[in-house]
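**Student:** Got a structure for you, questions after.
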Amino acid sequence: MDTLLTSALVGGIAGGLAVLLLAFLIPRKTCPKCKTLLPRFRKPSNTREAMLGGWKCPSCSAKIARDGSLLSNDTL
Ligand SMILES: [Zn+2]
């Protein structure tokens, strides 16, 4: 019982670390307009962003698609 608990604990920690490591290995995107580094974890500012993904540049307010390309305002 003790061994099972320990292995479950170790597995949980290892899994958590793997997820954390993966998050840090993913390259961060920069704003295609002003080259500002975008936040690693995007915080959707509206439902559209939450559904389709993408960022809003914190410095120039440009809308950026999930693949890092610039979205023009009139397509929204
Ligand atoms: Zn920008």
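The way I read the labels, and the way they are meant: chains A, B, ... in the order of the structure tokens, residue 1 as the first residue of every chain, and ligand 1 as the first ligand shown, with later ones counted on from there.
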Using only C-alpha atoms and all ligand atoms, determine which residues fall within 7 Å of ligand 1, then list them as a PDB file with all heavy atoms, in the first residue's frame.
**Tutor:**
ATOM      1  N   CYS A  31       4.646  40.021 -31.121  1.00  0.00           N
ATOM      2  CA  CYS A  31       3.676  40.776 -31.898  1.00  0.00           C
ATOM      3  C   CYS A  31       4.259  41.048 -33.284  1.00  0.00           C
ATOM      4  O   CYS A  31       5.369  41.548 -33.405  1.00  0.00           O
ATOM      5  CB  CYS A  31       3.373  42.094 -31.189  1.00  0.00           C
ATOM      6  SG  CYS A  31       2.371  43.211 -32.167  1.00  0.00           S
ATOM      7  N   PRO A  32       3.534  40.693 -34.355  1.00  0.00           N
ATOM      8  CA  PRO A  32       4.054  40.921 -35.706  1.00  0.00           C
ATOM      9  C   PRO A  32       4.152  42.401 -36.056  1.00  0.00           C
ATOM     10  O   PRO A  32       4.796  42.768 -37.027  1.00  0.00           O
ATOM     11  CB  PRO A  32       3.061  40.193 -36.609  1.00  0.00           C
ATOM     12  CG  PRO A  32       1.838  39.986 -35.790  1.00  0.00           C
ATOM     13  CD  PRO A  32       2.236  40.013 -34.358  1.00  0.00           C
ATOM     14  N   LYS A  33       3.524  43.218 -35.264  1.00  0.00           N
ATOM     15  CA  LYS A  33       3.493  44.649 -35.562  1.00  0.00           C
ATOM     16  C   LYS A  33       4.610  45.401 -34.840  1.00  0.00           C
ATOM     17  O   LYS A  33       5.349  46.160 -35.442  1.00  0.00           O
ATOM     18  CB  LYS A  33       2.130  45.208 -35.150  1.00  0.00           C
ATOM     19  CG  LYS A  33       1.677  46.398 -35.966  1.00  0.00           C
ATOM     20  CD  LYS A  33       0.218  46.662 -35.650  1.00  0.00           C
ATOM     21  CE  LYS A  33      -0.243  47.986 -36.187  1.00  0.00           C
ATOM     22  NZ  LYS A  33      -1.646  48.226 -35.797  1.00  0.00           N
ATOM     23  N   CYS A  34       4.719  45.173 -33.533  1.00  0.00           N
ATOM     24  CA  CYS A  34       5.696  45.953 -32.768  1.00  0.00           C
ATOM     25  C   CYS A  34       6.743  45.084 -32.092  1.00  0.00           C
ATOM     26  O   CYS A  34       7.579  45.587 -31.350  1.00  0.00           O
ATOM     27  CB  CYS A  34       4.982  46.820 -31.730  1.00  0.00           C
ATOM     28  SG  CYS A  34       4.222  45.860 -30.398  1.00  0.00           S
ATOM     29  N   LYS A  35       6.700  43.769 -32.328  1.00  0.00           N
ATOM     30  CA  LYS A  35       7.703  42.820 -31.826  1.00  0.00           C
ATOM     31  C   LYS A  35       7.724  42.682 -30.304  1.00  0.00           C
ATOM     32  O   LYS A  35       8.694  42.209 -29.737  1.00  0.00           O
ATOM     33  CB  LYS A  35       9.122  43.174 -32.320  1.00  0.00           C
ATOM     34  CG  LYS A  35       9.241  43.334 -33.828  1.00  0.00           C
ATOM     35  CD  LYS A  35       9.000  42.020 -34.554  1.00  0.00           C
ATOM     36  CE  LYS A  35       8.987  42.251 -36.067  1.00  0.00           C
ATOM     37  NZ  LYS A  35       8.155  41.270 -36.765  1.00  0.00           N
ATOM     38  N   THR A  36       6.660  43.089 -29.658  1.00  0.00           N
ATOM     39  CA  THR A  36       6.567  42.881 -28.220  1.00  0.00           C
ATOM     40  C   THR A  36       6.326  41.398 -27.950  1.00  0.00           C
ATOM     41  O   THR A  36       5.554  40.760 -28.650  1.00  0.00           O
ATOM     42  CB  THR A  36       5.409  43.712 -27.646  1.00  0.00           C
ATOM     43  OG1 THR A  36       5.677  45.083 -27.873  1.00  0.00           O
ATOM     44  CG2 THR A  36       5.232  43.473 -26.149  1.00  0.00           C
ATOM     45  N   CYS A  57      -2.148  42.360 -28.526  1.00  0.00           N
ATOM     46  CA  CYS A  57      -0.847  42.860 -28.113  1.00  0.00           C
ATOM     47  C   CYS A  57      -0.996  43.833 -26.946  1.00  0.00           C
ATOM     48  O   CYS A  57      -1.795  44.758 -27.013  1.00  0.00           O
ATOM     49  CB  CYS A  57      -0.167  43.550 -29.284  1.00  0.00           C
ATOM     50  SG  CYS A  57       1.386  44.305 -28.820  1.00  0.00           S
ATOM     51  N   PRO A  58      -0.242  43.617 -25.862  1.00  0.00           N
ATOM     52  CA  PRO A  58      -0.365  44.503 -24.703  1.00  0.00           C
ATOM     53  C   PRO A  58       0.185  45.905 -24.957  1.00  0.00           C
ATOM     54  O   PRO A  58      -0.145  46.830 -24.233  1.00  0.00           O
ATOM     55  CB  PRO A  58       0.444  43.791 -23.621  1.00  0.00           C
ATOM     56  CG  PRO A  58       1.365  42.878 -24.343  1.00  0.00           C
ATOM     57  CD  PRO A  58       0.696  42.509 -25.638  1.00  0.00           C
ATOM     58  N   SER A  59       1.024  46.055 -25.978  1.00  0.00           N
ATOM     59  CA  SER A  59       1.598  47.382 -26.166  1.00  0.00           C
ATOM     60  C   SER A  59       0.978  48.149 -27.333  1.00  0.00           C
ATOM     61  O   SER A  59       0.820  49.356 -27.253  1.00  0.00           O
ATOM     62  CB  SER A  59       3.116  47.300 -26.288  1.00  0.00           C
ATOM     63  OG  SER A  59       3.500  47.062 -27.598  1.00  0.00           O
ATOM     64  N   CYS A  60       0.582  47.476 -28.426  1.00  0.00           N
ATOM     65  CA  CYS A  60       0.004  48.232 -29.536  1.00  0.00           C
ATOM     66  C   CYS A  60      -1.445  47.841 -29.819  1.00  0.00           C
ATOM     67  O   CYS A  60      -2.048  48.341 -30.758  1.00  0.00           O
ATOM     68  CB  CYS A  60       0.868  48.090 -30.796  1.00  0.00           C
ATOM     69  SG  CYS A  60       0.740  46.485 -31.593  1.00  0.00           S
ATOM     70  N   SER A  61      -2.000  46.907 -29.033  1.00  0.00           N
ATOM     71  CA  SER A  61      -3.387  46.465 -29.150  1.00  0.00           C
ATOM     72  C   SER A  61      -3.714  45.791 -30.479  1.00  0.00           C
ATOM     73  O   SER A  61      -4.877  45.688 -30.841  1.00  0.00           O
ATOM     74  CB  SER A  61      -4.365  47.624 -28.907  1.00  0.00           C
ATOM     75  OG  SER A  61      -4.190  48.103 -27.607  1.00  0.00           O
ATOM     76  N   ALA A  62      -2.705  45.349 -31.199  1.00  0.00           N
ATOM     77  CA  ALA A  62      -2.952  44.624 -32.442  1.00  0.00           C
ATOM     78  C   ALA A  62      -3.535  43.265 -32.110  1.00  0.00           C
ATOM     79  O   ALA A  62      -3.192  42.664 -31.091  1.00  0.00           O
ATOM     80  CB  ALA A  62      -1.653  44.466 -33.213  1.00  0.00           C
TER      81      ALA A  62
END
**Student:** Can you pull out every residue within 9 Å of Gly54 of chain A, counting only C-alpha atoms, but drop anything in the same chain fewer than 2 positions away, and send it as a ChimeraX atom specification?
**Tutor:** /A:42,44,49-50,52,56,63-68
**Student:** Could you state the separation of atom CA of Val19 of chain A and atom CA of Phe41 of chain A in Å, given to one decimal place?
**Tutor:**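 Atom CA of Val19 of chain A sits 13.5 Å away from atom CA of Phe41 of chain A.
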**Student:** Atom CA of Gly53 of chain A and atom CA of Leu38 of chain A, how far apart in Å?
**Tutor:**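 That distance, rounded to one decimal, is 13.2 Å.
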**Student:** Could you state the separation of atom CA of Ala23 of chain A and atom CA of Ser45 of chain A in Å, given to one decimal place?
**Tutor:**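 So the answer is 21.2 Å.
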**Student:** Which one of A:Arg48, A:Leu70, A:Trp55, A:Arg40 sits closest to Leu22 of chain A if you count only C-alpha atoms?
**Tutor:** A:Arg40
**Student:** Please run DSSP on the backbone and report, as a VMD selection string, all residues within chain A that come out as helix (DSSP H, G or I).
**Tutor:** chain A and resid 2 to 25 47 to 52 73 to 75
